file upload02.cif (mmCIF, C-alpha atoms)
data_input
loop_
_atom_site.group_PDB
_atom_site.id
_atom_site.type_symbol
_atom_site.label_atom_id
_atom_site.label_comp_id
_atom_site.auth_asym_id
_atom_site.auth_seq_id
_atom_site.Cartn_x
_atom_site.Cartn_y
_atom_site.Cartn_z
ATOM 1 C CA MET A 159 9.018 9.211 8.651
ATOM 2 C CA ALA A 160 7.166 5.961 9.270
ATOM 3 C CA GLY A 161 7.763 2.844 7.230
ATOM 4 C CA HIS A 162 4.307 2.755 5.649
ATOM 5 C CA SER A 163 5.262 5.608 3.341
ATOM 6 C CA LYS A 164 9.037 5.154 3.567
ATOM 7 C CA TRP A 165 8.790 1.831 1.743
ATOM 8 C CA LYS A 166 6.863 3.561 -1.046
ATOM 9 C CA GLN A 167 9.697 6.081 -1.326
ATOM 10 C CA ILE A 168 12.358 3.369 -1.367
ATOM 11 C CA LYS A 169 10.585 1.418 -4.094
ATOM 12 C CA HIS A 170 10.502 4.554 -6.218
ATOM 13 C CA TYR A 171 14.162 5.234 -5.458
ATOM 14 C CA LYS A 172 15.226 1.713 -6.411
ATOM 15 C CA ALA A 173 12.738 1.308 -9.298
ATOM 16 C CA ALA A 174 11.407 -1.750 -7.489
ATOM 17 C CA THR A 175 8.602 -4.183 -8.235
ATOM 18 C CA ASP A 176 5.662 -1.782 -8.418
ATOM 19 C CA ALA A 177 7.353 0.088 -11.262
ATOM 20 C CA LYS A 178 6.856 -3.011 -13.414
ATOM 21 C CA ARG A 179 3.624 -2.453 -15.280
ATOM 22 C CA GLY A 180 2.504 -6.087 -15.347
ATOM 23 C CA ALA A 181 2.887 -6.610 -11.606
ATOM 24 C CA LEU A 182 1.189 -3.300 -10.861
ATOM 25 C CA PHE A 183 -1.760 -4.087 -13.137
ATOM 26 C CA THR A 184 -2.216 -7.474 -11.464
ATOM 27 C CA ARG A 185 -2.429 -5.821 -8.041
ATOM 28 C CA LEU A 186 -4.861 -3.182 -9.286
ATOM 29 C CA ILE A 187 -7.129 -5.769 -10.930
ATOM 30 C CA ARG A 188 -7.226 -7.960 -7.819
ATOM 31 C CA GLU A 189 -8.075 -4.967 -5.619
ATOM 32 C CA ILE A 190 -10.941 -3.988 -7.927
ATOM 33 C CA THR A 191 -12.249 -7.562 -7.976
ATOM 34 C CA MET A 192 -12.114 -7.897 -4.171
ATOM 35 C CA SER A 193 -13.728 -4.488 -3.690
ATOM 36 C CA ALA A 194 -16.614 -5.397 -5.992
ATOM 37 C CA LYS A 195 -16.961 -8.830 -4.384
ATOM 38 C CA GLN A 196 -17.257 -7.377 -0.890
ATOM 39 C CA GLY A 197 -19.203 -4.165 -1.534
ATOM 40 C CA GLY A 198 -20.941 -4.554 -4.876
ATOM 41 C CA GLY A 199 -20.144 -3.310 -8.354
ATOM 42 C CA ASP A 200 -21.546 0.225 -8.084
ATOM 43 C CA PRO A 201 -18.679 2.584 -7.198
ATOM 44 C CA THR A 202 -21.072 5.314 -6.068
ATOM 45 C CA GLY A 203 -22.090 3.115 -3.143
ATOM 46 C CA ASN A 204 -18.769 1.346 -2.627
ATOM 47 C CA ALA A 205 -16.014 3.714 -1.493
ATOM 48 C CA ARG A 206 -13.330 1.041 -1.616
ATOM 49 C CA LEU A 207 -14.229 0.254 -5.221
ATOM 50 C CA ARG A 208 -14.206 3.963 -6.143
ATOM 51 C CA THR A 209 -10.711 4.311 -4.723
ATOM 52 C CA ALA A 210 -9.517 1.155 -6.494
ATOM 53 C CA ILE A 211 -10.879 2.364 -9.842
ATOM 54 C CA GLU A 212 -9.382 5.838 -9.389
ATOM 55 C CA ASN A 213 -5.962 4.328 -8.614
ATOM 56 C CA ALA A 214 -6.274 2.042 -11.633
ATOM 57 C CA LYS A 215 -7.125 4.945 -13.931
ATOM 58 C CA ALA A 216 -4.214 6.968 -12.551
ATOM 59 C CA SER A 217 -1.915 4.056 -13.459
ATOM 60 C CA ASN A 218 -3.413 3.845 -16.972
ATOM 61 C CA LEU A 219 -5.071 0.465 -16.499
ATOM 62 C CA PRO A 220 -7.309 0.050 -19.582
ATOM 63 C CA LYS A 221 -11.031 0.597 -19.027
ATOM 64 C CA ASP A 222 -11.888 -2.869 -20.375
ATOM 65 C CA ASN A 223 -9.661 -4.421 -17.721
ATOM 66 C CA ILE A 224 -11.369 -2.375 -15.016
ATOM 67 C CA ASP A 225 -14.844 -3.372 -16.224
ATOM 68 C CA ARG A 226 -13.930 -7.073 -16.381
ATOM 69 C CA ALA A 227 -12.421 -6.962 -12.897
ATOM 70 C CA VAL A 228 -15.631 -5.444 -11.506
ATOM 71 C CA LYS A 229 -17.807 -8.046 -13.225
ATOM 72 C CA LYS A 230 -15.619 -10.894 -11.955
ATOM 73 C CA GLY A 231 -16.031 -9.523 -8.452
ATOM 74 C CA THR A 232 -19.815 -9.351 -8.727
ATOM 75 C CA GLY A 233 -20.074 -12.735 -10.417
ATOM 76 C CA GLU A 234 -21.303 -11.381 -13.760
ATOM 77 C CA LEU A 235 -18.210 -12.958 -15.326
ATOM 78 C CA GLU A 236 -16.625 -16.204 -14.267
ATOM 79 C CA GLY A 237 -13.341 -15.707 -12.484
ATOM 80 C CA VAL A 238 -11.003 -17.010 -9.813
ATOM 81 C CA ASP A 239 -12.440 -17.097 -6.282
ATOM 82 C CA PHE A 240 -10.042 -14.763 -4.491
ATOM 83 C CA GLN A 241 -9.948 -14.130 -0.754
ATOM 84 C CA GLU A 242 -8.050 -11.640 1.374
ATOM 85 C CA VAL A 243 -5.453 -12.808 3.883
ATOM 86 C CA LEU A 244 -3.259 -10.883 6.296
ATOM 87 C CA TYR A 245 0.097 -12.082 7.611
ATOM 88 C CA GLU A 246 2.129 -10.635 10.463
ATOM 89 C CA ALA A 247 5.896 -10.950 10.620
ATOM 90 C CA TYR A 248 9.170 -9.645 11.983
ATOM 91 C CA GLY A 249 12.097 -8.549 9.824
ATOM 92 C CA PRO A 250 15.739 -7.554 10.341
ATOM 93 C CA GLY A 251 16.314 -5.059 13.125
ATOM 94 C CA GLY A 252 13.142 -6.123 14.928
ATOM 95 C CA VAL A 253 10.920 -4.395 12.368
ATOM 96 C CA ALA A 254 7.249 -5.401 12.456
ATOM 97 C CA ILE A 255 5.651 -6.171 9.092
ATOM 98 C CA MET A 256 2.023 -6.411 7.935
ATOM 99 C CA ILE A 257 1.564 -8.324 4.667
ATOM 100 C CA GLN A 258 -1.748 -8.043 2.811
ATOM 101 C CA ALA A 259 -2.482 -10.593 0.098
ATOM 102 C CA VAL A 260 -5.296 -11.578 -2.241
ATOM 103 C CA THR A 261 -5.146 -15.241 -3.190
ATOM 104 C CA ASP A 262 -7.066 -18.215 -4.547
ATOM 105 C CA ASN A 263 -4.837 -20.568 -2.534
ATOM 106 C CA PRO A 264 -3.906 -19.426 0.994
ATOM 107 C CA THR A 265 -1.807 -22.561 1.576
ATOM 108 C CA ARG A 266 0.426 -21.655 -1.356
ATOM 109 C CA THR A 267 0.613 -18.008 -0.363
ATOM 110 C CA VAL A 268 1.593 -18.576 3.268
ATOM 111 C CA ALA A 269 4.281 -21.012 2.118
ATOM 112 C CA ASP A 270 5.651 -18.378 -0.282
ATOM 113 C CA VAL A 271 5.606 -15.715 2.422
ATOM 114 C CA ARG A 272 7.282 -17.968 4.979
ATOM 115 C CA TYR A 273 10.000 -18.925 2.476
ATOM 116 C CA LYS A 274 10.805 -15.307 1.566
ATOM 117 C CA LEU A 275 10.940 -14.363 5.241
ATOM 118 C CA SER A 276 13.213 -17.246 6.222
ATOM 119 C CA ARG A 277 15.620 -16.542 3.354
ATOM 120 C CA ASN A 278 15.917 -12.846 4.204
ATOM 121 C CA GLY A 279 16.267 -12.578 7.970
ATOM 122 C CA GLY A 280 12.590 -12.534 8.909
ATOM 123 C CA ASN A 281 10.054 -14.845 10.488
ATOM 124 C CA LEU A 282 6.315 -15.291 10.321
ATOM 125 C CA GLY A 283 4.377 -14.348 13.442
ATOM 126 C CA SER A 284 1.057 -15.503 14.837
ATOM 127 C CA THR A 285 -2.190 -13.541 14.607
ATOM 128 C CA ASN A 286 -1.982 -10.285 16.599
ATOM 129 C CA SER A 287 1.755 -10.696 17.181
ATOM 130 C CA VAL A 288 2.446 -7.290 15.586
ATOM 131 C CA ALA A 289 -0.972 -5.923 14.555
ATOM 132 C CA PHE A 290 -1.340 -4.128 17.891
ATOM 133 C CA MET A 291 1.563 -1.867 16.845
ATOM 134 C CA PHE A 292 -0.425 -0.504 13.867
ATOM 135 C CA ASP A 293 -3.580 1.503 13.233
ATOM 136 C CA ARG A 294 -5.785 1.082 10.163
ATOM 137 C CA ARG A 295 -5.882 4.395 8.312
ATOM 138 C CA GLY A 296 -6.553 5.918 4.927
ATOM 139 C CA GLN A 297 -3.645 7.624 3.212
ATOM 140 C CA LEU A 298 -3.420 10.028 0.299
ATOM 141 C CA PHE A 299 -0.174 11.026 -1.374
ATOM 142 C CA LEU A 300 0.412 14.528 -2.774
ATOM 143 C CA ASP A 301 3.291 15.988 -4.777
ATOM 144 C CA ALA A 302 5.244 18.112 -2.289
ATOM 145 C CA THR A 303 7.184 19.848 -5.058
ATOM 146 C CA LYS A 304 4.039 21.540 -6.342
ATOM 147 C CA LEU A 305 2.350 22.642 -3.135
ATOM 148 C CA ASP A 306 3.416 24.772 -0.169
ATOM 149 C CA GLU A 307 3.320 22.788 3.073
ATOM 150 C CA ASP A 308 1.165 25.297 4.965
ATOM 151 C CA ALA A 309 -1.300 25.437 2.086
ATOM 152 C CA ALA A 310 -1.330 21.647 1.852
ATOM 153 C CA MET A 311 -1.968 21.305 5.590
ATOM 154 C CA GLU A 312 -4.800 23.843 5.474
ATOM 155 C CA ALA A 313 -6.417 22.109 2.502
ATOM 156 C CA ALA A 314 -6.079 18.677 4.112
ATOM 157 C CA LEU A 315 -7.620 19.717 7.431
ATOM 158 C CA GLU A 316 -10.442 21.586 5.698
ATOM 159 C CA ALA A 317 -11.100 18.450 3.669
ATOM 160 C CA GLY A 318 -11.550 16.427 6.865
ATOM 161 C CA ALA A 319 -8.148 14.771 7.162
ATOM 162 C CA GLU A 320 -6.576 13.879 10.516
ATOM 163 C CA ASP A 321 -3.054 15.004 9.670
ATOM 164 C CA LEU A 322 -0.499 15.797 6.977
ATOM 165 C CA THR A 323 3.211 15.043 7.114
ATOM 166 C CA ARG A 324 6.033 15.467 4.613
ATOM 167 C CA ASP A 325 8.168 12.543 3.483
ATOM 168 C CA GLU A 326 10.834 13.791 1.073
ATOM 169 C CA ASP A 327 9.074 14.776 -2.183
ATOM 170 C CA GLN A 328 5.560 13.883 -1.083
ATOM 171 C CA TYR A 329 2.960 14.801 1.513
ATOM 172 C CA VAL A 330 1.152 11.969 3.282
ATOM 173 C CA VAL A 331 -2.415 12.831 4.265
ATOM 174 C CA THR A 332 -3.934 10.584 6.947
ATOM 175 C CA THR A 333 -7.670 9.922 7.330
ATOM 176 C CA GLN A 334 -10.036 7.589 9.077
ATOM 177 C CA PRO A 335 -10.609 4.571 6.774
ATOM 178 C CA SER A 336 -14.245 5.489 6.165
ATOM 179 C CA GLU A 337 -13.303 9.065 5.229
ATOM 180 C CA LEU A 338 -10.637 8.259 2.633
ATOM 181 C CA HIS A 339 -12.752 8.826 -0.452
ATOM 182 C CA ALA A 340 -14.556 11.880 0.926
ATOM 183 C CA VAL A 341 -11.248 13.554 1.798
ATOM 184 C CA ARG A 342 -9.873 12.756 -1.645
ATOM 185 C CA GLU A 343 -12.892 14.314 -3.325
ATOM 186 C CA ALA A 344 -12.704 17.384 -1.087
ATOM 187 C CA LEU A 345 -9.005 17.874 -1.836
ATOM 188 C CA GLU A 346 -9.510 17.577 -5.578
ATOM 189 C CA GLN A 347 -12.405 20.039 -5.410
ATOM 190 C CA ARG A 348 -9.874 22.452 -3.889
ATOM 191 C CA GLY A 349 -7.559 21.902 -6.844
ATOM 192 C CA VAL A 350 -5.169 19.591 -4.992
ATOM 193 C CA HIS A 351 -4.114 16.622 -7.149
ATOM 194 C CA VAL A 352 -3.965 13.294 -5.317
ATOM 195 C CA ARG A 353 -1.278 10.968 -6.681
ATOM 196 C CA GLU A 354 -2.631 7.881 -4.975
ATOM 197 C CA ALA A 355 -5.004 6.832 -2.203
ATOM 198 C CA GLU A 356 -4.998 3.637 -0.169
ATOM 199 C CA LEU A 357 -5.853 1.939 3.078
ATOM 200 C CA ALA A 358 -2.736 1.131 5.075
ATOM 201 C CA TRP A 359 -1.534 -0.267 8.361
ATOM 202 C CA VAL A 360 0.137 2.779 9.896
ATOM 203 C CA PRO A 361 2.678 2.117 12.673
ATOM 204 C CA GLN A 362 2.168 3.821 16.014
ATOM 205 C CA ASN A 363 5.947 4.079 16.454
ATOM 206 C CA THR A 364 8.932 3.344 14.247
ATOM 207 C CA VAL A 365 12.162 1.376 14.596
ATOM 208 C CA ARG A 366 15.329 2.979 13.209
ATOM 209 C CA VAL A 367 17.354 0.595 11.027
ATOM 210 C CA GLU A 368 20.812 1.315 9.638
ATOM 211 C CA GLY A 369 23.737 -0.392 7.925
ATOM 212 C CA ASP A 370 23.498 -4.092 7.168
ATOM 213 C CA ALA A 371 20.096 -4.395 8.828
ATOM 214 C CA ALA A 372 18.694 -1.670 6.559
ATOM 215 C CA HIS A 373 20.013 -3.352 3.419
ATOM 216 C CA GLN A 374 18.725 -6.739 4.536
ATOM 217 C CA LEU A 375 15.315 -5.284 5.371
ATOM 218 C CA VAL A 376 14.982 -3.714 1.925
ATOM 219 C CA LYS A 377 15.988 -7.031 0.354
ATOM 220 C CA LEU A 378 13.258 -8.769 2.378
ATOM 221 C CA LEU A 379 10.583 -6.228 1.476
ATOM 222 C CA ASP A 380 11.570 -6.517 -2.190
ATOM 223 C CA ALA A 381 11.250 -10.296 -1.954
ATOM 224 C CA LEU A 382 7.790 -10.073 -0.374
ATOM 225 C CA ASP A 383 6.654 -7.624 -3.055
ATOM 226 C CA GLU A 384 7.731 -10.107 -5.731
ATOM 227 C CA ILE A 385 5.134 -12.638 -4.552
ATOM 228 C CA ASP A 386 2.251 -12.494 -7.035
ATOM 229 C CA ASP A 387 -0.413 -12.797 -4.319
ATOM 230 C CA VAL A 388 0.966 -9.996 -2.119
ATOM 231 C CA GLN A 389 -0.917 -6.738 -2.570
ATOM 232 C CA LYS A 390 0.771 -4.498 -0.034
ATOM 233 C CA VAL A 391 3.448 -4.529 2.647
ATOM 234 C CA ASP A 392 3.503 -2.110 5.597
ATOM 235 C CA ALA A 393 6.269 -1.948 8.197
ATOM 236 C CA ASN A 394 7.239 0.160 11.209
ATOM 237 C CA PHE A 395 10.755 1.188 10.181
ATOM 238 C CA ASP A 396 12.575 4.412 9.504
ATOM 239 C CA MET A 397 15.851 4.705 7.606
ATOM 240 C CA ASP A 398 17.956 7.096 5.565
ATOM 241 C CA VAL A 399 17.088 6.316 1.946
ATOM 242 C CA SER A 400 20.400 7.780 0.734
ATOM 243 C CA GLU A 401 22.230 4.942 2.509
ATOM 244 C CA LEU A 402 20.773 2.559 -0.070
ATOM 245 C CA ALA A 403 22.608 4.218 -2.964
ATOM 246 C CA GLU A 404 25.166 1.434 -3.082
ATOM 247 C CA ALA A 405 22.715 -1.350 -2.293
#

call {"tool": "encode", "arguments": {"input": "upload02.cif", "output": "structure tokens"}}
result
Amino acid sequence: MAGHSKWKQIKHYKAATDAKRGALFTRLIREITMSAKQGGGDPTGNARLRTAIENAKASNLPKDNIDRAVKKGTGELEGVDFQEVLYEAYGPGGVAIMIQAVTDNPTRTVADVRYKLSRNGGNLGSTNSVAFMFDRRGQLFLDATKLDEDAAMEAALEAGAEDLTRDEDQYVVTTQPSELHAVREALEQRGVHVREAELAWVPQNTVRVEGDAAHQLVKLLDALDEIDDVQKVDANFDMDVSELAEA
């Protein structure tokens, strides 16, 4: 399975950065703030904001935090002037990496990203050096242990999704970016619980990594995730998660 969801599986397997409540809440708050800044504070007319709020609620982010993040995005409350930045890079094994960040200081953030890459077998690329290998898509994650695959596929396609694939204990539903929220609503109306929804850079093809390269790649992705400004990392790798047991 492609690295965009494989990395999510590995982080769960290793109890990595996103399992830390403080780091997760920071990412959720920044996404809400950016969504409100770009599309307004009314979630009924801002699909990205609706998705951000739903993800925040699913992660038990307090309502007061959500409300403040929205108001900071719309300017109703004073806050840091964040902006979105996207970095492209290569990692061990020739893996292409897309790094999304929200920052108030792009100079600091790019320096942090470059440092983590150089220390862990990667290097920063120029604009469009790897982006052409990815497609922008919406993704929804379902619990595969609670839903038959044929039934999940039928529900996903009826809801307007492009595809559904299985990745270990979860199904990954793929949509057009503009259809992410509508597909989520349609699935939940059919009684299908959505664990999480997001916009991702989905690789067109994957690179198989094994052995030392796999361990080094995971170390790099962990290091990138530890950067406060980094919101999300997508990569075009595939690997056997069980090989990381002794990592």

call {"tool": "atom_distance", "arguments": {"input": "upload02.cif", "atom1": "atom CA of A:Phe395", "atom2": "atom CA of A:Leu186"}}
result
25.3 Å

call {"tool": "resolve_selection", "arguments": {"input": "upload02.cif", "expression": "the PyMOL selection byres ((chain A and resi 201) around 12)", "output": "list of chain:residue names"}}
result
A:Ile190, A:Ser193, A:Ala194, A:Lys195, A:Gln196, A:Gly197, A:Gly198, A:Gly199, A:Asp200, A:Thr202, A:Gly203, A:Asn204, A:Ala205, A:Arg206, A:Leu207, A:Arg208, A:Thr209, A:Ala210, A:Ile211, A:Glu212, A:Ile224, A:Asp225, A:Val228, A:His339

call {"tool": "write_last_selection", "arguments": {"input": "upload02.cif", "atoms": "C-alpha atoms", "output": "PDB file, keeping the file's coordinate frame"}}
result
ATOM      1  CA  ILE A 190     -10.941  -3.988  -7.927  1.00  0.00           C
ATOM      2  CA  SER A 193     -13.728  -4.488  -3.690  1.00  0.00           C
ATOM      3  CA  ALA A 194     -16.614  -5.397  -5.992  1.00  0.00           C
ATOM      4  CA  LYS A 195     -16.961  -8.830  -4.384  1.00  0.00           C
ATOM      5  CA  GLN A 196     -17.257  -7.377  -0.890  1.00  0.00           C
ATOM      6  CA  GLY A 197     -19.203  -4.165  -1.534  1.00  0.00           C
ATOM      7  CA  GLY A 198     -20.941  -4.554  -4.876  1.00  0.00           C
ATOM      8  CA  GLY A 199     -20.144  -3.310  -8.354  1.00  0.00           C
ATOM      9  CA  ASP A 200     -21.546   0.225  -8.084  1.00  0.00           C
ATOM     10  CA  THR A 202     -21.072   5.314  -6.068  1.00  0.00           C
ATOM     11  CA  GLY A 203     -22.090   3.115  -3.143  1.00  0.00           C
ATOM     12  CA  ASN A 204     -18.769   1.346  -2.627  1.00  0.00           C
ATOM     13  CA  ALA A 205     -16.014   3.714  -1.493  1.00  0.00           C
ATOM     14  CA  ARG A 206     -13.330   1.041  -1.616  1.00  0.00           C
ATOM     15  CA  LEU A 207     -14.229   0.254  -5.221  1.00  0.00           C
ATOM     16  CA  ARG A 208     -14.206   3.963  -6.143  1.00  0.00           C
ATOM     17  CA  THR A 209     -10.711   4.311  -4.723  1.00  0.00           C
ATOM     18  CA  ALA A 210      -9.517   1.155  -6.494  1.00  0.00           C
ATOM     19  CA  ILE A 211     -10.879   2.364  -9.842  1.00  0.00           C
ATOM     20  CA  GLU A 212      -9.382   5.838  -9.389  1.00  0.00           C
ATOM     21  CA  ILE A 224     -11.369  -2.375 -15.016  1.00  0.00           C
ATOM     22  CA  ASP A 225     -14.844  -3.372 -16.224  1.00  0.00           C
ATOM     23  CA  VAL A 228     -15.631  -5.444 -11.506  1.00  0.00           C
ATOM     24  CA  HIS A 339     -12.752   8.826  -0.452  1.00  0.00           C
TER      25      HIS A 339
END

call {"tool": "residues_around", "arguments": {"input": "upload02.cif", "residues": "A:Ala371", "least_positions_apart": "3", "cutoff": "8 Å", "atoms": "all atoms listed in the file", "output": "list in words"}}
result
Pro250, Gly251, Val367, Glu368, Gln374 and Leu375 of chain A

call {"tool": "resolve_selection", "arguments": {"input": "upload02.cif", "expression": "the PyMOL selection byres ((chain A and resi 354) around 8)", "output": "count of residues only"}}
result
9

call {"tool": "resolve_selection", "arguments": {"input": "upload02.cif", "expression": "the PyMOL selection byres ((chain A and resi 273-277) around 9)", "output": "ChimeraX atom specification"}}
result
/A:247-249,268-272,278-282,378-379,381-382,385

call {"tool": "write_last_selection", "arguments": {"input": "upload02.cif", "atoms": "C-alpha atoms", "output": "mmCIF file, in the coordinates of the input"}}
result
data_model
loop_
_atom_site.group_PDB
_atom_site.id
_atom_site.type_symbol
_atom_site.label_atom_id
_atom_site.label_comp_id
_atom_site.auth_asym_id
_atom_site.auth_seq_id
_atom_site.Cartn_x
_atom_site.Cartn_y
_atom_site.Cartn_z
ATOM 1 C CA ALA A 247 5.896 -10.950 10.620
ATOM 2 C CA TYR A 248 9.170 -9.645 11.983
ATOM 3 C CA GLY A 249 12.097 -8.549 9.824
ATOM 4 C CA VAL A 268 1.593 -18.576 3.268
ATOM 5 C CA ALA A 269 4.281 -21.012 2.118
ATOM 6 C CA ASP A 270 5.651 -18.378 -0.282
ATOM 7 C CA VAL A 271 5.606 -15.715 2.422
ATOM 8 C CA ARG A 272 7.282 -17.968 4.979
ATOM 9 C CA ASN A 278 15.917 -12.846 4.204
ATOM 10 C CA GLY A 279 16.267 -12.578 7.970
ATOM 11 C CA GLY A 280 12.590 -12.534 8.909
ATOM 12 C CA ASN A 281 10.054 -14.845 10.488
ATOM 13 C CA LEU A 282 6.315 -15.291 10.321
ATOM 14 C CA LEU A 378 13.258 -8.769 2.378
ATOM 15 C CA LEU A 379 10.583 -6.228 1.476
ATOM 16 C CA ALA A 381 11.250 -10.296 -1.954
ATOM 17 C CA LEU A 382 7.790 -10.073 -0.374
ATOM 18 C CA ILE A 385 5.134 -12.638 -4.552
#

call {"tool": "residues_around", "arguments": {"input": "upload02.cif", "residues": "stretch 229-246 of chain A", "least_positions_apart": "5", "cutoff": "7 Å", "atoms": "only C-alpha atoms", "output": "PyMOL selection string"}}
result
chain A and resi 191-192+194-195+198-199+255-262+282-285+287-289

call {"tool": "atom_distance", "arguments": {"input": "upload02.cif", "atom1": "atom CA of A:His351", "atom2": "atom CA of A:Gln328"}}
result
11.7 Å

call {"tool": "closest_residue", "arguments": {"input": "upload02.cif", "among": "A:Val399, A:Asp308, A:Asp293, A:Gly180", "to": "A:Leu357", "atoms": "all atoms listed in the file"}}
result
A:Asp293

call {"tool": "closest_residue", "arguments": {"input": "upload02.cif", "among": "A:Lys221, A:Phe290, A:Arg324, A:Ala214", "to": "A:Thr303", "atoms": "all atoms listed in the file"}}
result
A:Arg324

call {"tool": "atom_distance", "arguments": {"input": "upload02.cif", "atom1": "atom CA of A:Asp321", "atom2": "atom CA of A:Asn394"}}
result
18.1 Å

call {"tool": "decode", "arguments": {"input": "upload02.cif", "residues": "stretch 335-401 of chain A", "atoms": "C-alpha atoms", "output": "short mmCIF file (atom, residue, chain, number, x, y, z; two decimals), in the first residue's frame"}}
result
data_model
loop_
_atom_site.label_atom_id
_atom_site.label_comp_id
_atom_site.auth_asym_id
_atom_site.auth_seq_id
_atom_site.Cartn_x
_atom_site.Cartn_y
_atom_site.Cartn_z
CA PRO A 335 -10.49 17.09 -2.84
CA SER A 336 -13.73 19.02 -3.30
CA GLU A 337 -15.82 15.92 -2.52
CA LEU A 338 -14.13 14.94 0.75
CA HIS A 339 -16.74 16.34 3.10
CA ALA A 340 -19.72 15.26 1.00
CA VAL A 341 -18.42 11.68 0.85
CA ARG A 342 -17.83 11.68 4.59
CA GLU A 343 -21.38 12.84 5.26
CA ALA A 344 -22.80 10.27 2.85
CA LEU A 345 -20.84 7.45 4.48
CA GLU A 346 -21.94 8.43 7.97
CA GLN A 347 -25.55 8.65 6.80
CA ARG A 348 -25.12 5.01 5.75
CA GLY A 349 -23.94 4.13 9.25
CA VAL A 350 -20.26 3.92 8.33
CA HIS A 351 -18.04 5.55 10.98
CA VAL A 352 -15.17 7.62 9.61
CA ARG A 353 -12.09 7.58 11.85
CA GLU A 354 -10.43 10.52 10.18
CA ALA A 355 -10.59 12.60 7.01
CA GLU A 356 -7.85 14.65 5.38
CA LEU A 357 -6.41 16.10 2.22
CA ALA A 358 -3.24 14.29 1.20
CA TRP A 359 -0.62 14.09 -1.50
CA VAL A 360 -1.21 10.59 -2.85
CA PRO A 361 1.68 9.00 -4.79
CA GLN A 362 1.01 7.76 -8.30
CA ASN A 363 3.49 4.92 -7.76
CA THR A 364 5.45 3.62 -4.79
CA VAL A 365 9.08 2.76 -4.08
CA ARG A 366 9.74 -0.42 -2.09
CA VAL A 367 12.20 0.12 0.78
CA GLU A 368 13.67 -2.63 2.94
CA GLY A 369 16.38 -3.24 5.52
CA ASP A 370 18.59 -0.35 6.56
CA ALA A 371 16.94 2.03 4.11
CA ALA A 372 13.52 1.31 5.65
CA HIS A 373 14.77 1.95 9.18
CA GLN A 374 16.53 5.13 8.12
CA LEU A 375 13.44 6.36 6.28
CA VAL A 376 11.24 5.85 9.34
CA LYS A 377 13.82 7.70 11.45
CA LEU A 378 13.70 10.60 8.97
CA LEU A 379 9.91 10.74 8.88
CA ASP A 380 9.83 10.67 12.69
CA ALA A 381 12.29 13.56 12.76
CA LEU A 382 10.21 15.62 10.32
CA ASP A 383 7.06 14.96 12.35
CA GLU A 384 8.82 16.28 15.45
CA ILE A 385 9.13 19.75 13.90
CA ASP A 386 6.45 21.92 15.52
CA ASP A 387 5.56 23.68 12.25
CA VAL A 388 5.11 20.48 10.21
CA GLN A 389 1.47 19.50 9.82
CA LYS A 390 1.71 16.46 7.59
CA VAL A 391 4.22 14.33 5.72
CA ASP A 392 3.34 12.23 2.66
CA ALA A 393 5.76 9.92 0.86
CA ASN A 394 5.73 7.41 -1.99
CA PHE A 395 7.12 4.35 -0.19
CA ASP A 396 5.94 0.87 0.60
CA MET A 397 7.46 -1.39 3.25
CA ASP A 398 6.69 -4.33 5.51
CA VAL A 399 5.72 -2.77 8.84
CA SER A 400 6.63 -5.97 10.71
CA GLU A 401 10.28 -5.40 9.78
#
